[in-house]
Amino acid sequence: MSIFGNERRLFLEGEAETVKLGSELARLAQSSEQGLTVFLDGDLGMGKTTLSRGVIRALGHEGAVKSPTYTLVEPYEDLEPPVYHFDLYRLGDPEELEYMGIRDYFASRSFRLIEWPERGEGILPDPDIEIHLEREGEGRSVVLRARSELGASLLNEIELIGPES
């Protein structure tokens, strides 16, 4: 039986729960021992970078985690697995990704977090997991969708995030 297309829905009350979801994704990425690509979708201010910060800090980074809006990618190669945090908001043309050597980032067992992935359409490979964040009251509604067998198996292992956990 295929679990492809698996989906999880969560409500995150605040920043701490968004960071906790990132920590949970980091745990899953480490346990998978495979490369993982996650697309982060949502309007400005919905928590994409906050979620990324949760991943990166859970893997051991102690410094600042900022959105790489102007550099397009921020590497955290000292982490296990290495993390590449992309923000494609200011990408002018998807072809620019080819010039920056985008394929090299996908050739290893790294964790790739990609904000604004629709701006790289046609160049970016398909994700393992898509995460959509949107405002709901004072918190965020989050939908996690598996887009690969790896993504589906990881979503089946995700621990629930919420005030009771």
# chains A, B, ... in the order shown; residues from 1 in each chain; ligands from 1
>>> closest_atom_pairs(of="region 27-87 of chain A", to="region 13-17 of chain A", cutoff="10 Å", atoms="only C-alpha atoms", output="tab-separated table")
residue	atom	partner	partner_atom	distance
A:Gly47	CA	A:Glu15	CA	7.7
A:Thr50	CA	A:Glu15	CA	7.1
A:Leu51	CA	A:Glu15	CA	8.5
A:Gly54	CA	A:Ala16	CA	8.9
>>> write_last_selection(atoms="all heavy atoms", output="short mmCIF file (atom, residue, chain, number, x, y, z; two decimals), in the first residue's frame")
data_model
loop_
_atom_site.label_atom_id
_atom_site.label_comp_id
_atom_site.auth_asym_id
_atom_site.auth_seq_id
_atom_site.Cartn_x
_atom_site.Cartn_y
_atom_site.Cartn_z
N GLY A 47 5.93 32.69 8.99
CA GLY A 47 6.74 31.83 9.84
C GLY A 47 7.68 30.89 9.12
O GLY A 47 8.23 29.97 9.74
N THR A 50 11.08 31.33 10.66
CA THR A 50 11.02 30.85 12.05
C THR A 50 11.09 29.32 12.07
O THR A 50 11.82 28.74 12.87
CB THR A 50 9.73 31.34 12.74
OG1 THR A 50 9.73 32.77 12.72
CG2 THR A 50 9.64 30.83 14.15
N LEU A 51 10.35 28.67 11.19
CA LEU A 51 10.40 27.22 11.09
C LEU A 51 11.81 26.76 10.71
O LEU A 51 12.35 25.82 11.30
CB LEU A 51 9.36 26.74 10.08
CG LEU A 51 9.09 25.24 10.10
CD1 LEU A 51 7.63 24.98 9.77
CD2 LEU A 51 9.97 24.53 9.11
N GLY A 54 14.08 26.84 13.59
CA GLY A 54 13.89 25.67 14.45
C GLY A 54 14.68 24.47 13.97
O GLY A 54 15.29 23.75 14.76
#
>>> residues_around(residues="Pro82 (chain A)", least_positions_apart="5", cutoff="7 Å", atoms="only C-alpha atoms", output="JSON, numbers by chain")
{"A": [76, 77, 110, 111]}
>>> write_last_selection(atoms="N, CA, C and O atoms", output="mmCIF file, in the first residue's frame")
data_model
loop_
_atom_site.group_PDB
_atom_site.id
_atom_site.type_symbol
_atom_site.label_atom_id
_atom_site.label_comp_id
_atom_site.auth_asym_id
_atom_site.auth_seq_id
_atom_site.Cartn_x
_atom_site.Cartn_y
_atom_site.Cartn_z
ATOM 1 N N TYR A 76 24.800 25.930 5.977
ATOM 2 C CA TYR A 76 25.162 25.520 7.340
ATOM 3 C C TYR A 76 25.803 24.141 7.189
ATOM 4 O O TYR A 76 25.225 23.118 7.544
ATOM 5 N N GLU A 77 27.013 24.142 6.623
ATOM 6 C CA GLU A 77 27.664 22.898 6.240
ATOM 7 C C GLU A 77 28.301 22.162 7.404
ATOM 8 O O GLU A 77 28.670 20.998 7.267
ATOM 9 N N SER A 110 21.999 16.269 2.158
ATOM 10 C CA SER A 110 21.786 17.499 2.918
ATOM 11 C C SER A 110 20.286 17.735 3.103
ATOM 12 O O SER A 110 19.454 17.074 2.502
ATOM 13 N N PHE A 111 19.988 18.704 3.949
ATOM 14 C CA PHE A 111 18.611 19.116 4.216
ATOM 15 C C PHE A 111 18.454 20.464 3.529
ATOM 16 O O PHE A 111 19.152 21.418 3.849
#
>>> atom_distance(atom1="CA of Leu72 (chain A)", atom2="CA of Arg140 (chain A)")
25.1 Å
>>> atom_distance(atom1="CA of Gly45 (chain A)", atom2="CA of Glu130 (chain A)")
17.5 Å
>>> select_by_dssp(residues="region 4-159 of chain A", states="alpha helix (DSSP H)", output="number ranges by chain")
A: 15-32, 48-58, 96-99, 102-105, 149-157
>>> closest_residue(among="A:Ala26, A:Leu21, A:Val73, A:Leu97", to="Arg119 (chain A)", atoms="only C-alpha atoms")
A:Leu97
>>> closest_residue(among="A:Val55, A:Ala29, A:Val19, A:Leu10", to="Glu157 (chain A)", atoms="only C-alpha atoms")
A:Ala29
>>> closest_residue(among="A:Arg53, A:Ile114, A:Arg90, A:Glu149", to="Thr71 (chain A)", atoms="only C-alpha atoms")
A:Arg90
>>> residues_around(residues="region 121-125 of chain A", least_positions_apart="5", cutoff="8 Å", atoms="only C-alpha atoms", output="ChimeraX atom specification")
/A:94-95,97-98,102
>>> atom_distance(atom1="CA of Lys66 (chain A)", atom2="CA of Val38 (chain A)")
17.3 Å
>>> closest_residue(among="A:Tyr89, A:Leu113, A:Val143, A:Leu150", to="Asp43 (chain A)", atoms="only C-alpha atoms")
A:Tyr89
>>> closest_residue(among="A:Gly92, A:Gly137, A:Gly151, A:Pro127", to="Leu28 (chain A)", atoms="only C-alpha atoms")
A:Gly151
>>> residues_around(residues="Leu44 (chain A)", least_positions_apart="6", cutoff="12 Å", atoms="only C-alpha atoms", output="mmCIF file with N, CA, C and O atoms, in the first residue's frame")
data_model
loop_
_atom_site.group_PDB
_atom_site.id
_atom_site.type_symbol
_atom_site.label_atom_id
_atom_site.label_comp_id
_atom_site.auth_asym_id
_atom_site.auth_seq_id
_atom_site.Cartn_x
_atom_site.Cartn_y
_atom_site.Cartn_z
ATOM 1 N N THR A 50 11.078 31.328 10.659
ATOM 2 C CA THR A 50 11.020 30.848 12.046
ATOM 3 C C THR A 50 11.086 29.323 12.070
ATOM 4 O O THR A 50 11.823 28.736 12.873
ATOM 5 N N SER A 67 16.955 35.104 7.187
ATOM 6 C CA SER A 67 16.486 34.712 5.872
ATOM 7 C C SER A 67 17.492 35.184 4.821
ATOM 8 O O SER A 67 17.872 36.352 4.801
ATOM 9 N N THR A 69 17.512 36.386 1.989
ATOM 10 C CA THR A 69 16.764 37.061 0.931
ATOM 11 C C THR A 69 17.667 37.618 -0.163
ATOM 12 O O THR A 69 17.327 37.546 -1.339
ATOM 13 N N ASP A 87 16.116 31.256 0.124
ATOM 14 C CA ASP A 87 14.991 32.197 0.082
ATOM 15 C C ASP A 87 14.992 32.770 -1.327
ATOM 16 O O ASP A 87 15.873 33.557 -1.689
ATOM 17 N N TYR A 89 12.711 34.677 -2.756
ATOM 18 C CA TYR A 89 11.792 35.803 -2.899
ATOM 19 C C TYR A 89 12.268 36.815 -3.948
ATOM 20 O O TYR A 89 11.489 37.322 -4.733
ATOM 21 N N GLU A 115 12.341 28.561 0.795
ATOM 22 C CA GLU A 115 11.256 29.525 0.889
ATOM 23 C C GLU A 115 10.992 30.087 -0.500
ATOM 24 O O GLU A 115 11.902 30.293 -1.276
ATOM 25 N N TRP A 116 9.739 30.344 -0.817
ATOM 26 C CA TRP A 116 9.290 30.869 -2.113
ATOM 27 C C TRP A 116 9.712 29.952 -3.262
ATOM 28 O O TRP A 116 10.259 30.396 -4.273
ATOM 29 N N LEU A 133 1.960 27.509 5.296
ATOM 30 C CA LEU A 133 1.592 28.205 6.525
ATOM 31 C C LEU A 133 0.689 29.372 6.187
ATOM 32 O O LEU A 133 0.954 30.112 5.232
ATOM 33 N N GLU A 134 -0.379 29.530 6.972
ATOM 34 C CA GLU A 134 -1.232 30.700 6.803
ATOM 35 C C GLU A 134 -1.800 31.114 8.149
ATOM 36 O O GLU A 134 -1.920 30.298 9.070
ATOM 37 N N ARG A 135 -2.132 32.380 8.228
ATOM 38 C CA ARG A 135 -2.663 32.943 9.470
ATOM 39 C C ARG A 135 -4.027 32.347 9.774
ATOM 40 O O ARG A 135 -4.870 32.194 8.904
#
>>> residues_around(residues="Pro75 (chain A)", least_positions_apart="2", cutoff="10 Å", atoms="only C-alpha atoms", output="ChimeraX atom specification")
/A:68,73,77-79,82-86,105,112
>>> closest_residue(among="A:Met46, A:Ala107, A:Ala146, A:Ala58", to="Lys20 (chain A)", atoms="only C-alpha atoms")
A:Ala58
>>> decode(residues="region 55-90 of chain A", atoms="N, CA and C atoms", output="PDB file, in the first residue's frame")
ATOM      1  N   VAL A  55      14.680  24.244  12.662  1.00  0.00           N
ATOM      2  CA  VAL A  55      15.455  23.140  12.076  1.00  0.00           C
ATOM      3  C   VAL A  55      16.936  23.344  12.345  1.00  0.00           C
ATOM      4  N   ILE A  56      17.428  24.515  11.977  1.00  0.00           N
ATOM      5  CA  ILE A  56      18.862  24.791  12.011  1.00  0.00           C
ATOM      6  C   ILE A  56      19.401  24.778  13.442  1.00  0.00           C
ATOM      7  N   ARG A  57      18.672  25.356  14.361  1.00  0.00           N
ATOM      8  CA  ARG A  57      19.109  25.349  15.773  1.00  0.00           C
ATOM      9  C   ARG A  57      19.043  23.943  16.367  1.00  0.00           C
ATOM     10  N   ALA A  58      18.022  23.171  16.009  1.00  0.00           N
ATOM     11  CA  ALA A  58      17.910  21.803  16.535  1.00  0.00           C
ATOM     12  C   ALA A  58      19.059  20.924  16.067  1.00  0.00           C
ATOM     13  N   LEU A  59      19.646  21.266  14.934  1.00  0.00           N
ATOM     14  CA  LEU A  59      20.785  20.503  14.422  1.00  0.00           C
ATOM     15  C   LEU A  59      22.112  21.002  14.991  1.00  0.00           C
ATOM     16  N   GLY A  60      22.062  22.034  15.850  1.00  0.00           N
ATOM     17  CA  GLY A  60      23.267  22.439  16.565  1.00  0.00           C
ATOM     18  C   GLY A  60      23.817  23.821  16.287  1.00  0.00           C
ATOM     19  N   HIS A  61      23.220  24.569  15.378  1.00  0.00           N
ATOM     20  CA  HIS A  61      23.713  25.922  15.096  1.00  0.00           C
ATOM     21  C   HIS A  61      23.333  26.856  16.237  1.00  0.00           C
ATOM     22  N   GLU A  62      24.304  27.609  16.734  1.00  0.00           N
ATOM     23  CA  GLU A  62      24.047  28.487  17.876  1.00  0.00           C
ATOM     24  C   GLU A  62      23.975  29.967  17.511  1.00  0.00           C
ATOM     25  N   GLY A  63      24.372  30.320  16.319  1.00  0.00           N
ATOM     26  CA  GLY A  63      24.360  31.722  15.916  1.00  0.00           C
ATOM     27  C   GLY A  63      23.005  32.152  15.374  1.00  0.00           C
ATOM     28  N   ALA A  64      23.001  33.332  14.802  1.00  0.00           N
ATOM     29  CA  ALA A  64      21.782  33.887  14.211  1.00  0.00           C
ATOM     30  C   ALA A  64      21.373  33.073  12.982  1.00  0.00           C
ATOM     31  N   VAL A  65      20.076  33.008  12.761  1.00  0.00           N
ATOM     32  CA  VAL A  65      19.525  32.378  11.560  1.00  0.00           C
ATOM     33  C   VAL A  65      18.656  33.432  10.906  1.00  0.00           C
ATOM     34  N   LYS A  66      19.138  33.935   9.780  1.00  0.00           N
ATOM     35  CA  LYS A  66      18.387  34.978   9.085  1.00  0.00           C
ATOM     36  C   LYS A  66      17.934  34.451   7.738  1.00  0.00           C
ATOM     37  N   SER A  67      16.955  35.104   7.187  1.00  0.00           N
ATOM     38  CA  SER A  67      16.486  34.712   5.872  1.00  0.00           C
ATOM     39  C   SER A  67      17.492  35.184   4.821  1.00  0.00           C
ATOM     40  N   PRO A  68      17.945  34.289   3.956  1.00  0.00           N
ATOM     41  CA  PRO A  68      18.932  34.667   2.936  1.00  0.00           C
ATOM     42  C   PRO A  68      18.291  35.356   1.728  1.00  0.00           C
ATOM     43  N   THR A  69      17.512  36.386   1.989  1.00  0.00           N
ATOM     44  CA  THR A  69      16.764  37.061   0.931  1.00  0.00           C
ATOM     45  C   THR A  69      17.667  37.618  -0.163  1.00  0.00           C
ATOM     46  N   TYR A  70      18.814  38.166   0.209  1.00  0.00           N
ATOM     47  CA  TYR A  70      19.680  38.799  -0.803  1.00  0.00           C
ATOM     48  C   TYR A  70      20.746  37.858  -1.334  1.00  0.00           C
ATOM     49  N   THR A  71      21.120  36.854  -0.566  1.00  0.00           N
ATOM     50  CA  THR A  71      22.149  35.920  -1.016  1.00  0.00           C
ATOM     51  C   THR A  71      21.562  34.667  -1.658  1.00  0.00           C
ATOM     52  N   LEU A  72      20.269  34.481  -1.547  1.00  0.00           N
ATOM     53  CA  LEU A  72      19.512  33.332  -2.054  1.00  0.00           C
ATOM     54  C   LEU A  72      19.721  32.049  -1.272  1.00  0.00           C
ATOM     55  N   VAL A  73      20.926  31.811  -0.767  1.00  0.00           N
ATOM     56  CA  VAL A  73      21.167  30.592   0.008  1.00  0.00           C
ATOM     57  C   VAL A  73      22.130  30.891   1.150  1.00  0.00           C
ATOM     58  N   GLU A  74      21.832  30.311   2.299  1.00  0.00           N
ATOM     59  CA  GLU A  74      22.718  30.382   3.464  1.00  0.00           C
ATOM     60  C   GLU A  74      23.106  28.944   3.803  1.00  0.00           C
ATOM     61  N   PRO A  75      24.402  28.616   3.656  1.00  0.00           N
ATOM     62  CA  PRO A  75      24.826  27.246   3.958  1.00  0.00           C
ATOM     63  C   PRO A  75      25.163  27.073   5.441  1.00  0.00           C
ATOM     64  N   TYR A  76      24.800  25.930   5.977  1.00  0.00           N
ATOM     65  CA  TYR A  76      25.162  25.520   7.340  1.00  0.00           C
ATOM     66  C   TYR A  76      25.803  24.141   7.189  1.00  0.00           C
ATOM     67  N   GLU A  77      27.013  24.142   6.623  1.00  0.00           N
ATOM     68  CA  GLU A  77      27.664  22.898   6.240  1.00  0.00           C
ATOM     69  C   GLU A  77      28.301  22.162   7.404  1.00  0.00           C
ATOM     70  N   ASP A  78      28.403  22.804   8.567  1.00  0.00           N
ATOM     71  CA  ASP A  78      28.989  22.155   9.737  1.00  0.00           C
ATOM     72  C   ASP A  78      27.969  21.308  10.504  1.00  0.00           C
ATOM     73  N   LEU A  79      26.708  21.360  10.096  1.00  0.00           N
ATOM     74  CA  LEU A  79      25.663  20.606  10.774  1.00  0.00           C
ATOM     75  C   LEU A  79      25.564  19.199  10.201  1.00  0.00           C
ATOM     76  N   GLU A  80      24.908  18.317  10.934  1.00  0.00           N
ATOM     77  CA  GLU A  80      24.689  16.951  10.464  1.00  0.00           C
ATOM     78  C   GLU A  80      23.209  16.638  10.506  1.00  0.00           C
ATOM     79  N   PRO A  81      22.540  16.545   9.368  1.00  0.00           N
ATOM     80  CA  PRO A  81      23.088  16.734   8.026  1.00  0.00           C
ATOM     81  C   PRO A  81      23.312  18.222   7.735  1.00  0.00           C
ATOM     82  N   PRO A  82      24.158  18.518   6.740  1.00  0.00           N
ATOM     83  CA  PRO A  82      24.329  19.921   6.333  1.00  0.00           C
ATOM     84  C   PRO A  82      22.987  20.500   5.874  1.00  0.00           C
ATOM     85  N   VAL A  83      22.781  21.783   6.153  1.00  0.00           N
ATOM     86  CA  VAL A  83      21.530  22.446   5.780  1.00  0.00           C
ATOM     87  C   VAL A  83      21.833  23.573   4.809  1.00  0.00           C
ATOM     88  N   TYR A  84      21.002  23.682   3.783  1.00  0.00           N
ATOM     89  CA  TYR A  84      21.047  24.799   2.849  1.00  0.00           C
ATOM     90  C   TYR A  84      19.689  25.470   2.911  1.00  0.00           C
ATOM     91  N   HIS A  85      19.685  26.703   3.388  1.00  0.00           N
ATOM     92  CA  HIS A  85      18.445  27.462   3.562  1.00  0.00           C
ATOM     93  C   HIS A  85      18.343  28.457   2.407  1.00  0.00           C
ATOM     94  N   PHE A  86      17.383  28.248   1.546  1.00  0.00           N
ATOM     95  CA  PHE A  86      17.167  29.094   0.374  1.00  0.00           C
ATOM     96  C   PHE A  86      15.987  30.034   0.613  1.00  0.00           C
ATOM     97  N   ASP A  87      16.116  31.256   0.124  1.00  0.00           N
ATOM     98  CA  ASP A  87      14.991  32.197   0.082  1.00  0.00           C
ATOM     99  C   ASP A  87      14.992  32.770  -1.327  1.00  0.00           C
ATOM    100  N   LEU A  88      14.022  32.373  -2.122  1.00  0.00           N
ATOM    101  CA  LEU A  88      13.987  32.752  -3.536  1.00  0.00           C
ATOM    102  C   LEU A  88      13.091  33.959  -3.809  1.00  0.00           C
ATOM    103  N   TYR A  89      12.711  34.677  -2.756  1.00  0.00           N
ATOM    104  CA  TYR A  89      11.792  35.803  -2.899  1.00  0.00           C
ATOM    105  C   TYR A  89      12.268  36.815  -3.948  1.00  0.00           C
ATOM    106  N   ARG A  90      13.550  37.123  -3.955  1.00  0.00           N
ATOM    107  CA  ARG A  90      14.088  38.141  -4.869  1.00  0.00           C
ATOM    108  C   ARG A  90      14.664  37.564  -6.160  1.00  0.00           C
TER     109      ARG A  90
END
